[in-house]
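Asker: One file: structure-v5.cif (mmCIF, C-alpha atoms).
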data_query
#
loop_
_atom_site.label_atom_id
_atom_site.label_comp_id
_atom_site.auth_asym_id
_atom_site.auth_seq_id
_atom_site.Cartn_x
_atom_site.Cartn_y
_atom_site.Cartn_z
CA MET A 412 0.00 0.00 0.00
CA LYS A 413 2.87 2.35 0.83
CA LYS A 414 4.53 1.66 -2.55
CA ARG A 415 1.22 2.25 -4.30
CA GLY A 416 0.70 5.56 -2.52
CA ILE A 417 4.20 6.65 -3.37
CA LEU A 418 3.61 5.90 -7.07
CA ILE A 419 0.36 7.91 -7.06
CA LEU A 420 2.10 10.83 -5.39
CA VAL A 421 4.95 10.77 -7.92
CA GLY A 422 2.44 10.74 -10.78
CA LEU A 423 0.58 13.75 -9.39
CA VAL A 424 3.85 15.64 -9.03
CA ALA A 425 4.81 14.80 -12.64
CA VAL A 426 1.42 15.98 -13.96
CA LEU A 427 1.65 19.26 -12.05
CA ALA A 428 5.23 19.81 -13.20
CA PHE A 429 4.21 19.22 -16.82
CA ALA A 430 1.31 21.67 -16.52
CA PHE A 431 3.46 24.41 -15.02
CA THR A 432 6.16 23.80 -17.65
CA LYS A 433 3.59 24.06 -20.44
CA ARG A 434 2.18 27.29 -19.00
CA ASP A 435 5.65 28.79 -18.68
CA ALA A 436 6.40 27.77 -22.25
CA ALA A 437 3.17 29.39 -23.45
CA GLU A 438 3.96 32.55 -21.53
CA SER A 439 7.52 32.66 -22.86
CA TYR A 440 6.26 32.27 -26.42
CA ASP A 441 5.39 36.00 -26.64
CA LEU A 442 8.39 37.93 -28.00
CA MET A 443 8.86 41.46 -26.71
CA VAL A 444 10.84 44.45 -28.02
CA ARG A 445 11.47 47.98 -26.88
CA PRO A 446 11.41 51.07 -29.12
CA GLU A 447 14.83 52.13 -30.37
CA THR A 448 16.26 55.60 -30.84
CA GLY A 449 18.84 56.91 -33.24
CA PRO A 450 19.24 57.94 -36.90
CA PHE A 451 16.39 56.79 -39.11
CA VAL A 452 16.46 56.48 -42.88
CA ALA A 453 13.25 56.14 -44.92
CA THR A 454 13.79 54.17 -48.11
CA VAL A 455 12.00 52.75 -51.13
CA THR A 456 13.39 49.43 -52.33
CA THR A 457 12.93 48.31 -55.92
CA THR A 458 14.40 45.85 -58.39
CA GLY A 459 15.90 47.27 -61.55
CA GLU A 460 17.87 46.39 -64.62
CA LEU A 461 21.16 47.84 -65.78
CA GLN A 462 21.37 49.60 -69.11
CA ALA A 463 23.75 52.04 -70.75
CA LYS A 464 22.84 55.68 -70.35
CA SER A 465 23.61 56.23 -74.02
CA SER A 466 24.05 53.85 -76.91
CA VAL A 467 24.41 53.70 -80.68
CA LYS A 468 21.46 52.09 -82.42
CA ILE A 469 22.02 49.55 -85.17
CA TYR A 470 19.45 50.27 -87.86
CA GLY A 471 18.10 48.11 -90.62
CA PRO A 472 17.18 49.67 -94.01
CA SER A 473 15.53 53.03 -93.40
CA ASN A 474 13.79 53.39 -96.79
CA ALA A 475 11.87 50.11 -96.73
CA ARG A 476 8.53 51.94 -96.57
CA LYS A 477 9.29 53.61 -99.90
CA ALA A 478 9.41 50.13 -101.39
CA ARG A 479 6.13 49.31 -99.59
CA ILE A 480 7.84 46.86 -97.26
CA TYR A 481 6.50 47.48 -93.77
CA GLU A 482 7.83 44.45 -91.87
CA MET A 483 11.02 42.43 -92.30
CA SER A 484 11.87 39.06 -90.80
CA LEU A 485 15.17 38.71 -88.97
CA LEU A 486 16.92 35.65 -90.40
CA GLU A 487 20.20 35.84 -88.51
CA LEU A 488 21.51 37.86 -85.56
CA VAL A 489 24.82 37.55 -83.73
CA ALA A 490 24.66 36.41 -80.11
CA GLU A 491 23.88 39.06 -77.53
CA GLY A 492 27.04 40.27 -75.85
CA THR A 493 29.19 39.78 -78.95
CA VAL A 494 31.95 42.39 -79.17
CA VAL A 495 32.10 43.76 -82.72
CA GLU A 496 34.19 46.30 -84.58
CA LYS A 497 32.94 48.88 -87.03
CA GLY A 498 31.86 47.15 -90.25
CA ASP A 499 31.50 43.67 -88.72
CA PHE A 500 28.46 41.57 -89.57
CA VAL A 501 25.56 41.90 -87.12
CA ALA A 502 22.33 40.69 -88.73
CA GLU A 503 20.66 39.47 -91.92
CA LEU A 504 17.07 40.24 -92.95
CA ASP A 505 14.81 38.11 -95.13
CA ARG A 506 14.87 39.33 -98.77
CA SER A 507 11.95 37.21 -100.05
CA ASP A 508 9.50 40.09 -100.49
CA LEU A 509 12.22 42.38 -101.77
CA ASN A 510 13.45 39.89 -104.39
CA SER A 511 9.89 39.55 -105.66
CA LYS A 512 9.66 43.32 -106.01
CA ILE A 513 13.00 43.41 -107.85
CA LYS A 514 11.70 40.85 -110.35
CA ASP A 515 8.57 42.93 -110.89
CA ALA A 516 10.78 45.99 -111.34
CA ASP A 517 12.82 44.12 -113.97
CA VAL A 518 9.63 43.41 -115.94
CA GLU A 519 8.46 47.03 -115.73
CA LEU A 520 11.92 48.24 -116.74
CA GLN A 521 11.90 45.96 -119.76
CA LYS A 522 8.49 47.31 -120.76
CA ALA A 523 9.74 50.87 -120.41
CA ARG A 524 12.78 50.13 -122.55
CA SER A 525 10.60 48.51 -125.24
CA LEU A 526 8.23 51.47 -125.23
CA PHE A 527 11.18 53.84 -125.49
CA THR A 528 12.57 51.98 -128.50
CA GLN A 529 9.15 51.71 -130.16
CA THR A 530 8.41 55.40 -129.68
CA ARG A 531 11.82 56.36 -131.07
CA LEU A 532 11.21 54.26 -134.19
CA ASP A 533 7.65 55.59 -134.65
CA THR A 534 8.75 59.20 -134.37
CA SER A 535 11.65 58.61 -136.76
CA LEU A 536 9.29 57.06 -139.33
CA THR A 537 6.71 59.84 -138.92
CA LEU A 538 9.28 62.61 -139.36
CA SER A 539 10.81 60.81 -142.34
CA LYS A 540 7.40 60.71 -144.06
CA ALA A 541 6.87 64.37 -143.26
CA ARG A 542 10.20 65.32 -144.80
CA GLU A 543 9.41 63.30 -147.95
CA GLU A 544 6.01 64.97 -148.23
CA ARG A 545 7.57 68.40 -147.84
CA ILE A 546 10.03 67.66 -150.68
CA ASN A 547 7.17 66.55 -152.95
CA LEU A 548 5.23 69.71 -152.13
CA ARG A 549 8.24 71.83 -153.02
CA TYR A 550 8.48 70.07 -156.39
CA SER A 551 4.78 70.66 -156.98
CA MET A 552 5.23 74.35 -156.14
CA GLU A 553 8.13 74.67 -158.62
CA GLU A 554 6.09 72.98 -161.37
CA ALA A 555 3.18 75.37 -160.72
CA LYS A 556 5.58 78.33 -160.95
CA LEU A 557 6.87 77.10 -164.34
CA ARG A 558 3.35 76.78 -165.68
CA LYS A 559 2.58 80.26 -164.42
CA ASP A 560 5.64 81.70 -166.15
CA GLU A 561 4.82 79.92 -169.43
CA SER A 562 1.23 81.25 -169.42
CA ILE A 563 2.37 84.87 -169.78
CA TYR A 564 1.42 84.83 -173.47
CA GLU A 565 -1.82 82.94 -172.88
CA PRO A 566 -5.26 84.47 -172.55
CA PRO A 567 -6.06 86.18 -169.21
CA SER A 568 -8.18 83.29 -168.00
CA VAL A 569 -5.39 80.78 -168.55
CA ARG A 570 -2.85 83.05 -166.84
CA ARG A 571 -5.20 83.50 -163.88
CA SER A 572 -5.71 79.75 -163.57
CA ALA A 573 -1.93 79.18 -163.58
CA GLU A 574 -1.47 81.85 -160.91
CA ILE A 575 -4.10 80.21 -158.69
CA ASP A 576 -2.45 76.80 -159.03
CA TYR A 577 0.90 78.30 -158.06
CA GLU A 578 -0.56 80.05 -155.04
CA LYS A 579 -2.18 76.80 -153.86
CA ALA A 580 1.08 74.90 -154.23
CA GLN A 581 2.96 77.60 -152.38
CA ARG A 582 0.46 77.62 -149.49
CA ALA A 583 0.60 73.81 -149.26
CA TYR A 584 4.39 73.92 -149.07
CA ASP A 585 4.39 76.65 -146.41
CA ARG A 586 1.81 74.71 -144.39
CA SER A 587 3.97 71.58 -144.60
CA LEU A 588 6.87 73.52 -143.09
CA VAL A 589 4.70 74.55 -140.10
CA ASN A 590 3.28 71.04 -139.72
CA TYR A 591 6.78 69.52 -139.80
CA ASN A 592 7.94 71.76 -136.99
CA THR A 593 4.85 70.75 -134.98
CA GLN A 594 5.54 67.08 -135.65
CA VAL A 595 9.12 67.52 -134.49
CA GLU A 596 7.90 69.07 -131.23
CA GLN A 597 5.40 66.25 -130.78
CA ALA A 598 8.14 63.68 -131.34
CA ILE A 599 10.38 65.40 -128.79
CA ALA A 600 7.54 65.46 -126.21
CA LYS A 601 6.79 61.76 -126.74
CA MET A 602 10.43 60.84 -126.42
CA GLN A 603 10.76 62.89 -123.24
CA GLU A 604 7.72 61.16 -121.77
CA VAL A 605 8.89 57.64 -122.46
CA GLU A 606 12.44 58.55 -121.45
CA ALA A 607 11.14 59.89 -118.10
CA GLU A 608 9.19 56.68 -117.56
CA LEU A 609 12.27 54.63 -118.41
CA THR A 610 14.40 56.70 -116.00
CA LYS A 611 11.76 56.25 -113.28
CA GLU A 612 11.78 52.48 -113.70
CA GLN A 613 15.58 52.39 -113.75
CA ARG A 614 15.79 54.49 -110.59
CA GLY A 615 13.15 52.36 -108.88
CA ARG A 616 15.08 49.19 -109.61
CA GLU A 617 18.35 50.75 -108.47
CA GLU A 618 16.71 51.78 -105.20
CA LEU A 619 15.49 48.23 -104.65
CA VAL A 620 18.96 46.86 -105.31
CA THR A 621 20.45 49.41 -102.90
CA LEU A 622 17.78 48.49 -100.36
CA SER A 623 18.70 44.82 -100.77
CA GLU A 624 22.26 45.65 -99.78
CA GLY A 625 20.90 47.20 -96.56
CA PHE A 626 19.34 43.86 -95.59
CA THR A 627 22.85 42.78 -94.56
CA ILE A 628 23.45 44.87 -91.45
CA ASN A 629 26.93 45.74 -90.19
CA ALA A 630 28.07 47.46 -87.01
CA PRO A 631 28.22 51.28 -87.30
CA GLU A 632 30.72 51.54 -84.43
CA ASN A 633 32.81 49.37 -82.12
CA GLY A 634 30.96 47.92 -79.14
CA MET A 635 29.01 45.08 -77.57
CA VAL A 636 25.79 43.97 -79.26
CA ILE A 637 22.72 44.21 -77.03
CA TYR A 638 19.35 43.02 -78.29
CA LYS A 639 16.52 45.48 -78.71
CA ARG A 640 13.55 45.11 -76.35
CA ASP A 641 9.93 45.99 -77.04
CA TRP A 642 7.60 47.79 -74.61
CA GLY A 643 6.87 44.49 -72.85
CA GLY A 644 10.55 43.69 -72.32
CA GLN A 645 10.72 40.96 -74.98
CA LYS A 646 14.00 40.74 -76.88
CA LEU A 647 14.18 40.92 -80.66
CA THR A 648 15.95 37.74 -81.73
CA ALA A 649 16.35 35.71 -84.91
CA GLY A 650 12.91 34.97 -86.32
CA GLY A 651 11.46 38.21 -85.00
CA LYS A 652 10.02 41.08 -87.01
CA VAL A 653 11.65 44.45 -87.69
CA SER A 654 9.22 47.29 -88.26
CA ALA A 655 9.84 49.71 -91.13
CA TRP A 656 8.72 52.56 -88.83
CA ASP A 657 11.32 51.63 -86.19
CA PRO A 658 14.02 49.59 -87.96
CA VAL A 659 16.29 49.22 -84.92
CA VAL A 660 17.82 45.73 -84.81
CA ALA A 661 20.13 46.05 -81.80
CA THR A 662 22.21 48.60 -79.89
CA LEU A 663 25.84 49.22 -79.05
CA PRO A 664 25.79 50.64 -75.51
CA ASP A 665 28.37 52.96 -73.99
CA LEU A 666 29.38 50.90 -70.95
CA SER A 667 31.34 53.74 -69.34
CA VAL A 668 28.15 55.31 -67.94
CA MET A 669 25.47 52.90 -66.71
CA GLU A 670 22.04 53.43 -65.23
CA SER A 671 19.48 51.24 -63.52
CA ARG A 672 15.97 51.36 -64.94
CA THR A 673 13.40 50.48 -62.33
CA TYR A 674 9.67 50.89 -61.69
CA VAL A 675 8.15 52.34 -58.52
CA ASN A 676 4.52 51.70 -57.59
CA GLU A 677 2.03 54.55 -57.47
CA VAL A 678 1.98 54.54 -53.65
CA ASP A 679 5.72 55.13 -53.21
CA ILE A 680 6.37 57.32 -56.27
CA GLN A 681 5.33 60.47 -54.38
CA LYS A 682 8.29 59.95 -52.04
CA VAL A 683 10.84 59.72 -54.85
CA ARG A 684 12.55 62.88 -56.09
CA VAL A 685 15.25 63.65 -58.64
CA GLY A 686 18.63 63.92 -56.92
CA GLN A 687 17.97 61.39 -54.14
CA ARG A 688 20.87 59.04 -53.46
CA VAL A 689 20.55 55.33 -54.06
CA GLU A 690 22.40 52.30 -52.75
CA ILE A 691 22.69 49.74 -55.54
CA GLY A 692 23.40 46.05 -55.20
CA LEU A 693 24.01 43.45 -57.90
CA ASP A 694 22.37 40.04 -57.88
CA ALA A 695 25.36 38.74 -59.85
CA ASP A 696 27.80 39.98 -57.17
CA PRO A 697 26.07 40.49 -53.79
CA GLU A 698 29.28 41.69 -52.15
CA LYS A 699 29.63 44.63 -54.53
CA GLN A 700 27.87 47.82 -53.42
CA LEU A 701 27.46 50.74 -55.82
CA HIS A 702 26.04 54.22 -55.46
CA GLY A 703 23.80 56.24 -57.68
CA GLU A 704 21.38 59.12 -57.99
CA VAL A 705 17.82 59.43 -59.24
CA THR A 706 17.98 61.39 -62.50
CA GLU A 707 14.61 60.87 -64.18
CA ILE A 708 11.05 60.08 -63.06
CA ALA A 709 8.23 59.37 -65.49
CA ASN A 710 5.24 61.72 -65.27
CA ILE A 711 2.75 59.09 -66.43
CA GLY A 712 2.27 55.65 -64.95
CA GLU A 713 1.98 52.47 -66.98
CA GLN A 714 0.66 48.95 -66.56
CA ARG A 715 3.53 46.51 -66.60
CA PRO A 716 3.12 42.78 -67.33
CA ASN A 717 2.39 40.69 -64.23
CA SER A 718 1.58 43.80 -62.20
CA ASP A 719 -1.84 44.77 -60.88
CA ALA A 720 -0.89 48.32 -59.86
CA LYS A 721 0.30 51.21 -62.02
CA VAL A 722 4.04 51.86 -61.86
CA PHE A 723 6.28 54.77 -62.84
CA GLU A 724 9.61 54.38 -64.58
CA VAL A 725 12.59 55.73 -62.63
CA LYS A 726 16.16 55.99 -63.94
CA ILE A 727 19.15 55.92 -61.60
CA VAL A 728 22.62 56.84 -62.88
CA LEU A 729 25.51 54.96 -61.27
CA ALA A 730 28.28 57.08 -59.80
CA GLU A 731 30.96 54.44 -60.35
CA SER A 732 32.29 52.94 -63.56
CA ASP A 733 33.00 49.23 -63.38
CA SER A 734 34.27 47.00 -66.17
CA THR A 735 32.27 44.06 -64.81
CA LEU A 736 28.92 45.79 -65.27
CA ARG A 737 26.87 44.51 -68.16
CA PRO A 738 23.48 45.55 -69.56
CA ALA A 739 20.46 43.57 -68.32
CA MET A 740 22.08 42.75 -64.95
CA THR A 741 19.51 42.75 -62.14
CA THR A 742 19.99 45.39 -59.46
CA SER A 743 18.48 46.01 -56.03
CA ASN A 744 17.92 49.73 -55.56
CA VAL A 745 17.46 51.28 -52.13
CA ILE A 746 16.35 54.89 -52.65
CA THR A 747 16.81 57.15 -49.63
CA THR A 748 13.68 59.29 -49.53
CA ALA A 749 14.10 60.97 -46.09
CA GLU A 750 16.37 61.00 -43.02
CA ILE A 751 15.91 61.87 -39.33
CA GLU A 752 18.96 62.39 -37.11
CA ASN A 753 17.30 61.19 -33.92
CA ALA A 754 14.01 59.28 -34.01
CA LEU A 755 12.05 56.75 -31.97
CA PHE A 756 11.17 53.75 -34.12
CA ILE A 757 9.70 50.25 -33.81
CA PRO A 758 9.44 47.16 -36.06
CA LEU A 759 6.66 47.25 -38.63
CA GLU A 760 5.24 43.91 -37.47
CA THR A 761 4.33 45.42 -34.09
CA VAL A 762 1.86 47.88 -35.66
CA HIS A 763 -1.82 46.98 -36.06
CA ALA A 764 -4.89 48.87 -37.22
CA GLU A 765 -8.53 48.92 -36.24
CA ASP A 766 -11.11 51.40 -37.58
CA LEU A 767 -8.33 53.59 -39.04
CA ILE A 768 -6.64 53.72 -35.62
CA ARG A 769 -3.05 52.46 -35.50
CA PHE A 770 -1.95 50.83 -32.26
CA VAL A 771 0.52 48.43 -30.63
CA TYR A 772 0.15 45.81 -27.91
CA VAL A 773 2.04 46.97 -24.82
CA ARG A 774 2.69 45.15 -21.54
CA GLU A 775 1.99 47.44 -18.58
CA GLY A 776 2.10 46.16 -15.02
CA GLY A 777 1.47 42.56 -15.94
CA ARG A 778 -1.44 43.31 -18.29
CA THR A 779 -1.67 43.75 -22.05
CA VAL A 780 -2.82 47.14 -23.39
CA LYS A 781 -3.75 48.26 -26.90
CA ARG A 782 -2.07 51.66 -27.13
CA GLU A 783 -2.67 54.10 -30.00
CA VAL A 784 0.45 55.45 -31.71
CA LYS A 785 1.07 58.26 -34.12
CA LEU A 786 3.38 57.10 -36.90
CA GLY A 787 5.75 58.98 -39.18
CA LEU A 788 8.29 57.87 -41.76
CA MET A 789 8.84 54.21 -42.42
CA ASN A 790 11.16 51.95 -44.36
CA ASP A 791 11.02 48.26 -45.26
CA ASN A 792 11.44 47.08 -41.65
CA GLN A 793 10.74 49.91 -39.23
CA VAL A 794 8.47 52.90 -38.68
CA VAL A 795 8.97 56.11 -36.72
CA VAL A 796 6.70 56.72 -33.71
CA ASP A 797 5.88 60.43 -33.32
CA ALA A 798 3.68 59.94 -30.23
CA GLY A 799 2.38 57.20 -27.94
CA LEU A 800 5.52 55.32 -26.90
CA THR A 801 8.80 55.72 -25.07
CA THR A 802 11.90 53.58 -24.87
CA ASP A 803 10.60 52.11 -21.60
CA HIS A 804 7.62 50.39 -23.17
CA GLU A 805 7.65 46.67 -23.93
CA ILE A 806 5.84 45.86 -27.18
CA PHE A 807 4.55 42.53 -28.45
CA LEU A 808 5.93 41.43 -31.80
CA SER A 809 2.77 39.38 -32.41
CA THR A 810 -0.84 39.54 -31.27
CA PRO A 811 -1.02 38.26 -27.67
CA ASP A 812 -3.76 35.85 -26.63
CA GLY A 813 -6.94 37.35 -25.21
CA ALA A 814 -6.14 40.94 -26.20
CA LEU A 815 -8.17 41.33 -29.38
CA ASP A 816 -11.33 42.58 -27.67
CA ALA A 817 -9.57 45.11 -25.43
CA GLU A 818 -10.33 48.81 -25.78
CA ILE A 819 -7.73 51.00 -27.46
CA GLU A 820 -6.11 53.58 -25.22
CA ARG A 821 -6.34 56.74 -27.30
CA LEU A 822 -3.75 59.49 -27.46
CA PRO A 823 -4.66 62.82 -25.86
CA GLN A 824 -6.73 64.95 -28.26
CA ALA A 825 -6.55 62.10 -30.75
CA ASP A 826 -10.16 62.60 -31.76
CA ALA A 827 -9.47 66.18 -32.85
CA GLY A 828 -6.89 65.11 -35.37
CA LYS A 829 -8.64 61.90 -36.45
CA PRO A 830 -9.33 61.88 -40.21
CA LYS A 831 -12.85 61.40 -41.43
CA GLN A 832 -13.97 58.07 -42.74
CA ASN A 833 -13.69 59.15 -46.38
CA GLU A 834 -10.35 60.99 -46.01
CA THR A 835 -6.79 59.69 -46.17
CA THR A 836 -3.53 61.29 -45.14
CA SER A 837 -0.36 61.11 -47.19
CA THR A 838 2.02 61.92 -44.34
CA GLU A 839 1.53 58.65 -42.48
CA PRO A 840 2.28 55.22 -43.92
CA SER A 841 -0.29 52.48 -44.29
CA ALA A 842 -0.33 49.98 -41.46
CA PRO A 843 1.50 46.76 -42.32
CA GLY A 844 -0.99 44.64 -40.35
CA SER A 845 -4.63 44.93 -39.38
CA THR A 846 -6.92 43.18 -36.96
CA SER A 847 -10.09 44.66 -38.40
#
Turn the structure described in the file into C-alpha cells.

Answerer:
Amino acid sequence: MKKRGILILVGLVAVLAFAFTKRDAAESYDLMVRPETGPFVATVTTTGELQAKSSVKIYGPSNARKARIYEMSLLELVAEGTVVEKGDFVAELDRSDLNSKIKDADVELQKARSLFTQTRLDTSLTLSKAREERINLRYSMEEAKLRKDESIYEPPSVRRSAEIDYEKAQRAYDRSLVNYNTQVEQAIAKMQEVEAELTKEQRGREELVTLSEGFTINAPENGMVIYKRDWGGQKLTAGGKVSAWDPVVATLPDLSVMESRTYVNEVDIQKVRVGQRVEIGLDADPEKQLHGEVTEIANIGEQRPNSDAKVFEVKIVLAESDSTLRPAMTTSNVITTAEIENALFIPLETVHAEDLIRFVYVREGGRTVKREVKLGLMNDNQVVVDAGLTTDHEIFLSTPDGALDAEIERLPQADAGKPKQNETTSTEPSAPGSTS
C-alpha cells in the first residue's frame, strides 16, 4: 500500500510539473521588443535592370517603306554580348518580299525600254514621211511656178488659172513647213515622256537593289551587341520582325556610364525625387555595393506585365564605372527618400490597425494594453513613432492571446486630429498589419 501511494504521489507531481512547464512555455512564447532611438532612414526598395545611359542604335534599311515593305523578318543575328568592330556583320534580314519586287521591277523596266525603243522608231518614221512629203510639195510648187511663167502669153483666164495653181502649191508647201515643226515638237515630247518613264523604272530598280544591300546589317561603331527590347521587355531575336517605322535591330551601348531602370509603384512614387541618393546592389555579385542618384522620373504611370498596380519608370545613374557591369544585370535599388537624425522607431510587425486607428500591444504592469500610436516615416522594416511610446515600453511582436477585444487607449486629443472616414492622409504610412 505504501509503494502504491508513493507511485500515485509521484504521478501527481509529474502531472503538475508538466502543466506548469507548459504554462511557462506558453507565456515565454510572446516575443517582446522595446522602441529604439537613433538615426532613421526612410527608403524605397525596388528591383531594376542595368542599361547604358547612351548607346548607338544599329538600324536596318531606313527606306523600306518607300518600297512598300513594312515588316522584315530577322533571319540571322549575332549572339547578344558579342563584341564587334565597325563594319562587322551583325544581322541578316529576309529578302523574299524584296526579291519579288526586284523581279517585278525588272519586268516594268523591260516594258519601259521597249516602249522607249518603239516610240523612237515611230517618231523617226513619222518625221521621215513628213520630210518626204515636204520635198514633194516643193516640187509641186516649182512645177506650178513654171506653168505660171509659161502662161504669160496665154489668154487672161489661162494666166489666172496658172497663178491660182501656183498660189495653192505655195500655201501647201508653207503649211507643210509649219506642220513639220509641230511634228518635231510632238516627237520630242513623246520621247521625253517615255524617257522619263524609263528613267523612273531604272531608278526604282536601283533603289530596290540598294535596299537589298541594306538587308545585310553591319556594325556602325565598335561595341558590344545588345538586343533590342519591345515595350513588354521581350527581346528581338532571330525569327522576330523588324518594323519599317522603327528599324532598330540592336544597340551598341556605352558601358562607361550605366544606369538602372526600375519601376516604382504609385503609392511610393510620391516619395521619390530627382537627386535622391541610391544604394545599388548586384544580384550577380552580392558583395559589390554601388552608389547612384535618381535622375529621371516618369510623369505618367503604366501597366507593366504581371503587375496589378500602375508603376512609374525611374532611372538611376551609377556614380561608379565598373568593367564588370553589363546591360540587363539585375539590381536592387534602395532609394533614400528621407532622413531623421534622432528618431524613436519600432518594427513594422508590431503595428496593427482597427477602424483607421493604429496601435501596438504593450505590456503594462502585468497586463496587455492596446495603445494608440502616431506614426511617421517608415522603411522596409521599421516605422517612426511620433507619439504614444517611449523607450521604456515593452511591445509585443505578435498579437497576444486574449487581447483582441480590449479597448484602445487613445492618445490625448486624438479625436481632434482623427481623419474622417472618407479621407486619407499622405504623411503617415499604411499599417503593415490589421486586426479589423

Asker: To one decimal place, how far is atom CA of A:Glu820 from atom CA of A:Met789 in Å?

Answerer: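 Between these atoms lies a distance of 22.8 Å.
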
Asker: Expand the PyMOL selection byres ((chain A and resi 594-608) around 12) into the individual residues it matches in the shown file, reporting them as a PyMOL selection string.

Answerer: chain A and resi 519-542+587-593+609-615

Asker: So how far away is atom CA of A:Arg640 from atom CA of A:Thr621, in Å?

Answerer: 27.8 Å

Asker: Nearest to A:Met552: which of A:Ile680, A:Met669, A:Ala580, A:Ala490 is it, counting all atoms listed in the file?

Answerer: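 Distance minimum relative to A:Met552 lands on A:Ala580.
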
Asker: With distances taken over all atoms listed in the file, which of A:Leu822, A:Leu701, A:Leu755, A:Leu786 is nearest to A:Asp803?

Answerer: A:Leu755

Asker: Any chance you could work out the residue set of the PyMOL selection byres ((chain A and resi 741) around 10) here, as an NGL selection string?

Answerer: :A and (458-462 or 671-673 or 692-695 or 737-740 or 742-744)

Asker: Need the shell around A:Val683: protein/DNA/RNA residues with any atom at most 10 Å away, counting only C-alpha atoms. Skip same-chain ones fewer than 5 positions apart. Format as a PyMOL selection string?

Answerer: chain A and resi 454-455+675+705+708+725+746-749

Asker: Out of A:Val518, A:Ala764, A:Leu666, A:Val745, which residue has the shortest atom-to-atom distance to A:Ser732 when counting all atoms listed in the file?

Answerer: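 Going through A:Val518, A:Ala764, A:Leu666, A:Val745 one by one, the smallest distance to A:Ser732 is for A:Leu666.
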
Asker: List every protein, DNA or RNA residue that has an atom no more than 12 Å from (37.0, 47.7, -86.2) in the file's coordinate frame, counting all atoms listed in the file, and report them as a PyMOL selection string.

Answerer: chain A and resi 494-500+629-634

Asker: Please compute the atom CA of A:Lys556-atom CA of A:Ala573 distance, one decimal, in Å.

Answerer: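 We find that atom CA of A:Lys556 and atom CA of A:Ala573 lie 8.0 Å from each other.
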
Asker: Residue by residue, what does the PyMOL selection byres ((chain A and resi 625) around 10) grab here? Present the result as a list in words.

Answerer: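 That expression, the PyMOL selection byres ((chain A and resi 625) around 10), corresponds here to Tyr470, Gly471, Pro472, Ser473, Asn474, Ala475, Glu503, Leu504, Leu619, Val620, Thr621, Leu622, Ser623, Glu624, Phe626, Thr627, Ile628 and Asn629 of chain A.
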
Asker: Given all atoms listed in the file as the basis, pick out the residue of A:Gly492, A:Pro567, A:Gly813, A:Gly644 nearest to A:Arg778.

Answerer: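 When distances to A:Arg778 are compared using all atoms listed in the file, the smallest one comes from A:Gly813.
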
Asker: Using all atoms listed in the file, which of the listed residues (A:Glu775, A:Asp508, A:Asp791, A:Glu760) sits closest to A:Leu442?

Answerer: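 For A:Leu442, the nearest of the given residues is A:Glu760.
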
Asker: Ranking A:Ser667, A:Thr801, A:Ser562, A:Asn753 by minimum distance to A:Ser734 and counting all atoms listed in the file, which one comes first?

Answerer: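 Result for the nearest residue to A:Ser734: A:Ser667.
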
Asker: Can you tell me which residues surround A:Lys559 at a distance of at most 7 Å, considering only C-alpha atoms, apart from same-chain residues fewer than 6 positions away, and format the answer as a PyMOL selection string?

Answerer: chain A and resi 570+573-574+577

Asker: For A:Asn676, work out the shell of residues within 12 Å, counting all atoms listed in the file and skipping chain neighbours fewer than 2 positions away, then give it as a list in words.

Answerer: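 Within the cut-off, the hits are Val455, Thr456, Thr457, Thr458, Thr673, Tyr674, Val678, Asp679, Ile680, Gln681, Lys682, Val683, Ile708, Ala709, Ile711, Gly712, Glu713, Gln714, Arg715, Ser718, Asp719, Ala720, Lys721, Val722, Phe723, Glu724 and Val725 of chain A.
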
Asker: Skipping near chain neighbours, those fewer than 4 positions away, what residues fall within 12 Å of A:Glu818 using only C-alpha atoms, listed as a PyMOL selection string?

Answerer: chain A and resi 765+768+770-772+779-783+813-814

Asker: Is it possible to get the axis-aligned box enclosing stretch 492-510 of chain A (all listed atoms, 3 Å extra per side) as AutoDock Vina command-line options, with centre and edge lengths in Å rounded to one decimal?

Answerer:
--center_x 21.8 --center_y 43.0 --center_z -90.1 --size_x 30.7 --size_y 17.7 --size_z 34.5
